[in-house]
Structures are given as C-alpha cells and as structure tokens.
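**Q** For reference, the structure I am asking about is given below.
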Amino acid sequence: MFETLSGRLGGIFDKLRKRGALSEDDVNAALREIRIALLEADVALPVVKDFVEGVRVRAVGQEVLRSVTPGQMVVKIVHDHLIETLGGLEPVALDIGQSPPTAILMVGLQGSGKTTTAAKIALRLRKRENRKVLLASLDVYRPAAQQQLQVLAGQVEVPMLPPILGERPVAIAKRAMAKGRVEGFDVVILDTAGRLHIDQELMAEVAEVRAVTSPRETLLVADAMTGQDAVNIAREFNQKVGVTGLVLTRVDGDARGGAALSMRAVTGCPIKLMGVGEKTDDLEAFQAERVAGRILGMGDVVGLVEKAAEHVEREDAEKMAAKLRKGEFSLEDLRDQLRQLRKMGSMEGLLGMIPGIGKIKNQIAQANLDDKLIPRQEAIINAMTKAERRNPKVLNASRRRRIAAGSGTTVQDVNRLLKQYQQMSDMMKRMGKMGGKGLFGRGGMMPPPGMPPFR
Ligand SMILES: Nc1nc2c(ncn2[C@@H]2O[C@H](COP(=O)(O)OP(=O)(O)OP(=O)(O)O)[C@@H](O)[C@H]2O)c(=O)[nH]1
Ligand SMILES: [Mg+2]
C-alpha cells in the first residue's frame, strides 16, 4: 500500500516543534512529499506541478493554529486546495435545460463505464426528477453492445430506441432525437462506442454526432483508475468533441482517483457524478471531499486536523498548570490566552472544542458572550505597562483612566476585566492546590462553570 501523505508529513514535522508562521523551508519539505503522494495517486505530472505551486503560495507565511502541528497544518491547506481544485464542496447538477428533448451524450474510452452510467443516469432522472427518458445506443462497433443497453434499459424501466440493423451512429442519433421530439421525451441519452482518443476517425464521428444533436451535456466518462494518460484523454476529448462535464466511475474500487484532479484541471469542467458500483442505482453526485481524502490517502484528514484543534497543546497546558499551582498567573498570561482564543476563531465554535467545556457552553452562550469582547480585553491589557501587567495592584484610579483612554474602552470595562482576572486568579490558585488537573490541566484556561465569562 502507499504511505499516506499524513504519515509522510508527520515524519518530517515530528522534530519541528516551533509555532508561528510556516516558513519557506517548512513548506518546501512538505511540498516534496505532497508531490510524491500526488504522483502515487496517479495525478498527472503537469497538474501536480501547478497544484504544488498553488499550495506553496497559500502555505508560506500561514499561521499555524495552536494545538496543530505544522505538518497537520500543511495537510489541511493541501486538503482545502484539493477540494477547491476538484470543484468545491457543492456538487454541480446535470443541466437538463428548458426545451425538451435534451440530449445527453456519453463519451469516453473503451470500458470506462459509459453504457452502465447511461442507464444509471436514466434511472436517476426518471426516479428523482420524474423525467421521461429515452436511451439510444450508438455503439455499432462492439458486438452485443446494443443488447447490453437493452438489458440495462429494462432494468431501469426506461424505453430504448429500437435498433435498426446497419444504421450508422449519426443516423441513429438523428432518429433518437426525432423520436424524442415526436413522443414528448424530456431527455434522450446517447450512448456511444468506446474509442481511443488517438483514433481520429472515431473522434470525428462522435464530434459529428454532437453537431447534429446539440447535446446540453457531453459527459466524459472516466475510470477512477485512469493513470498518467488522463490529461491526454481529457484534452483530446475536450478539443475534438467538446465536454461539459465529467463522470468518474469505479470510485468504489481501490484506485486513488488522481485522474479526477487531472481531468478537472485540464478541461475546467465540473465532475458531476461518480459511479460507486455495478448496480444501476450506484451513482452519486460527485463529492470532492471524499475524492480529495482518497487522493491524499487519508479519508479522515479533516477530522484529523479538527480533532487536533480540540486538544490544546499538552506542553502549553502543562506549563500553564505549573504556573497555576504556584499562583503565578499574570495579566500577560491572560493576554496570551486571549490571543490564542481569538486566533482560533469565534468563541462559540471554540467553546465546543475545549474538552470538558461543552456542557457549560449553553450557559456561557446565555451570558451574552460576544466576539468583540476578546479584542477589547486584549486592548485593555495592551494599554498597560509591563510593570502593571505583572503587578495589577499598582493600578490606581488615574492609571485605570489612562488605560481606558489608551484602549478605547471605559474605566468600567477596565475594572470589570481586573475583577474578572482577580476572580480567575483566585480560583486557579485554589484549583492548582487541588492538583492542577481538571478543566485547566487539560483544556487551557476558561472561566469555570457558574462564573460568567470575563466581561
Ligand atoms: N465497480 C464498478 N464497476 C463499474 C462502474 N461503472 C461501470 N462498471 C463496470 O465496468 C464494466 C464496463 O462498463 P460499461 O458500461 O460496459 O463500459 P463502456 O464504457 O460502455 O464500455 P464500451 O462500450 O465497451 O466502451 C461493466 O462490467 C460495468 O459493470 C462503477 O462505478 N463501479
Ligand atoms: Mg458501452
């Protein structure tokens, strides 16, 4: 089996313990591994190059989230970029248009899954969208190709254009569209013979079919196992025939699916559907997330990074616990904590992530916690001198007025923060004496249950 990308990156970054922004060196080390992982997943070389450049631009200088390793951070950036390159989280639906009969033309290499997918789409349109669908086989080359479609048509309970012996593909296509018009079909699905992209005669023929039927959709059907040739296949079909969408088949197999990325990059067409089995209902809207996870060899990458974000770095937590035990929690520590909180995003989301605090989340939400609170509190602490932050006892009325003015807040705000700090500090000393475990030992610093958040 392949080594997973997360495994590879983990190896590189294990020793790297620093935080802050990702340096160019960090990113370069990661990109080498990403390049190999993508090639192993059969993404075509030119596509890999562009992709890696895209990641570099995004990653250098990126802040590493607290409690995530730099390696995990890079993985997350790669994953997000991959989903974007694959077309985003929202699947693009088939375009059926407004003026029936709409032609859908199936094209692709031999054995890629065109005929099966034609039947799957027919079933989907009939059942989900209540469309009147006609299937037509333009495959006059492979023996029994027409019977194959006939059997599938029976299974999905969709009529098929009766074959006429000796009729050529372009004529069949015209006849299918005529029947569609006369008999009030919404959609006519034209299944073509498999062809090699280097077979110029057959490519010209399918281009002619396209010209006489003006399909709303020309779907390039490709096996998820397609290797480095995916780029050429996609380019040729797109140039010679014109493609509007891609269908990835055999996503249920072992292939890593790098072809999806290559073909999408070359054609710029959305991947609309994916085949996930041999049965006629094994067709799903394309899920970029699922395929991205496979390409990277880690279906759970998002979970991985998100889970990592749930755990505040153990080292830091331990350091904090030690400080608490000694009663050394200063306003500077408070500011550090506030900064981390702000970096990690909204309070709401954050609270849910801190172990042990989920239960009191609602309670805190009811206390009108707002996101502007943290920057305001940080500003107050910033407006203090170093000496004041270390020893808040010196903060008399005139100093508090100065701090309020300096931070754009009121004296009441300053008083509230200091009172809050005092309460927290006392509480922590007590908890520290109890062993420094519990909420603070593990989860960093948040006001304990029953106490309103600092405001
Ligand atoms: N597991 C799996 N098998 C599939 C999928 N799609 C198609 N197949 C199988 O792949 C084989 C070939 O599929 P066809 O639909 O005949 O492929 P085709 O592109 O029409 O082939 P030609 O007409 O010969 O070019 C069949 O055995 C299908 O059952 C899929 O999504 N998953
Ligand atoms: Mg076929």
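Within each chain, counting starts at residue 1; across the structure tokens, chains are named A, B, ... in the order shown, with ligands numbered 1 upward in that order.
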Step one, run DSSP on the backbone; step two, keep only residues of segment 147-296 of chain A assigned to strand (DSSP E); then write them as a PyMOL selection string.
**A** chain A and resi 187-191+217-223+245-249+271-275+283-285
**Q** Store the residues of this selection in a file with C-alpha atoms, as a CSV table (one decimal), in the first residue's frame.
**A**
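Generated output (out-v6.csv):
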```
chain,number,residue,atom,x,y,z
A,187,VAL,CA,-34.2,13.6,-22.1
A,188,VAL,CA,-32.5,11.5,-24.8
A,189,ILE,CA,-29.4,9.8,-23.6
A,190,LEU,CA,-27.0,8.8,-26.4
A,191,ASP,CA,-24.5,6.1,-25.5
A,217,GLU,CA,-24.4,17.8,-21.7
A,218,THR,CA,-21.5,15.9,-23.2
A,219,LEU,CA,-20.2,13.8,-20.4
A,220,LEU,CA,-16.7,12.4,-20.5
A,221,VAL,CA,-16.9,9.1,-18.5
A,222,ALA,CA,-13.6,8.1,-17.0
A,223,ASP,CA,-12.5,5.3,-14.8
A,245,GLY,CA,-19.0,17.6,-17.5
A,246,LEU,CA,-17.1,14.6,-16.2
A,247,VAL,CA,-18.2,11.4,-14.6
A,248,LEU,CA,-15.8,9.4,-12.5
A,249,THR,CA,-16.6,5.6,-12.4
A,271,ILE,CA,-17.1,16.5,-12.2
A,272,LYS,CA,-20.8,16.0,-11.9
A,273,LEU,CA,-21.4,12.4,-11.0
A,274,MET,CA,-19.5,9.4,-9.7
A,275,GLY,CA,-20.1,5.7,-10.1
A,283,LEU,CA,-24.5,6.6,-8.9
A,284,GLU,CA,-23.9,9.6,-6.7
A,285,ALA,CA,-23.4,13.3,-7.0
```
**Q** Would you list the contacts of Arg400 of chain A as number ranges by chain, taking every protein, DNA or RNA residue within 8 Å and counting only C-alpha atoms, but skipping same-chain residues closer than 6 positions in sequence?
**A** A: 411, 414-415
**Q** Could you write those residues out with N, CA and C atoms, as an mmCIF file, in the first residue's frame?
**A**
```cif
data_model
loop_
_atom_site.group_PDB
_atom_site.id
_atom_site.type_symbol
_atom_site.label_atom_id
_atom_site.label_comp_id
_atom_site.auth_asym_id
_atom_site.auth_seq_id
_atom_site.Cartn_x
_atom_site.Cartn_y
_atom_site.Cartn_z
ATOM 1 N N VAL A 411 -13.571 53.116 31.877
ATOM 2 C CA VAL A 411 -12.991 52.688 33.154
ATOM 3 C C VAL A 411 -13.750 51.478 33.690
ATOM 4 N N VAL A 414 -12.373 48.416 32.182
ATOM 5 C CA VAL A 414 -11.084 48.066 32.786
ATOM 6 C C VAL A 414 -11.317 47.415 34.146
ATOM 7 N N ASN A 415 -12.203 48.030 34.931
ATOM 8 C CA ASN A 415 -12.496 47.472 36.258
ATOM 9 C C ASN A 415 -13.037 46.053 36.150
#
```
**Q** When the cut-off is 7 Å and you count only C-alpha atoms and all ligand atoms, which residues lie near ligand 2, shown as a ChimeraX atom specification?
**A** /A:111,113-115,139,145,191-194
**Q** Since we have the selection now, will you write its residues out, keeping N, CA and C atoms, as a CSV table (one decimal), in the first residue's frame?
**A**
```csv
chain,number,residue,atom,x,y,z
A,111,GLY,N,-14.6,0.7,-22.3
A,111,GLY,CA,-14.7,0.1,-20.9
A,111,GLY,C,-14.7,1.1,-19.8
A,113,GLY,N,-17.2,2.8,-18.7
A,113,GLY,CA,-18.4,2.8,-17.9
A,113,GLY,C,-19.5,3.6,-18.5
A,114,LYS,N,-19.4,3.9,-19.8
A,114,LYS,CA,-20.4,4.8,-20.5
A,114,LYS,C,-21.8,4.2,-20.5
A,115,THR,N,-21.9,2.9,-20.9
A,115,THR,CA,-23.2,2.3,-21.0
A,115,THR,C,-23.9,2.1,-19.7
A,139,ASP,N,-23.6,2.5,-30.4
A,139,ASP,CA,-22.4,1.6,-30.5
A,139,ASP,C,-22.7,0.5,-31.5
A,145,ALA,N,-23.2,-4.8,-27.9
A,145,ALA,CA,-23.3,-3.5,-27.2
A,145,ALA,C,-24.8,-3.0,-27.1
A,191,ASP,N,-25.7,6.8,-26.0
A,191,ASP,CA,-24.5,6.1,-25.5
A,191,ASP,C,-23.7,5.8,-26.7
A,192,THR,N,-22.4,6.2,-26.7
A,192,THR,CA,-21.6,6.0,-27.9
A,192,THR,C,-20.6,4.8,-27.6
A,193,ALA,N,-20.0,4.4,-28.7
A,193,ALA,CA,-19.0,3.3,-28.6
A,193,ALA,C,-17.7,3.9,-27.9
A,194,GLY,N,-17.0,3.0,-27.2
A,194,GLY,CA,-15.8,3.4,-26.6
A,194,GLY,C,-14.8,3.6,-27.7
```
**Q** Determine the nearest neighbour of ligand 1 from the options A:Leu331, A:Ala144, A:Leu395, A:Leu135, counting only C-alpha atoms and all ligand atoms.
**A** A:Ala144
**Q** Pick from A:Asp252, A:Asp26, A:Glu332, A:Asp95: nearest to ligand 1, with only C-alpha atoms and all ligand atoms counted?
**A**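 So, comparing all the options, the nearest one is A:Asp252.
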**Q** Of the candidates A:Leu123, A:Leu138, A:Leu86, A:Val48, which shows the shortest atom-to-atom distance to ligand 1, using only C-alpha atoms and all ligand atoms?
**A**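 Closest to ligand 1 of all the choices is A:Leu138.
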**Q** Which is closest to ligand 1 among A:Lys386, A:Arg250, A:Lys419, A:Arg256, if we use only C-alpha atoms and all ligand atoms?
**A** A:Arg250
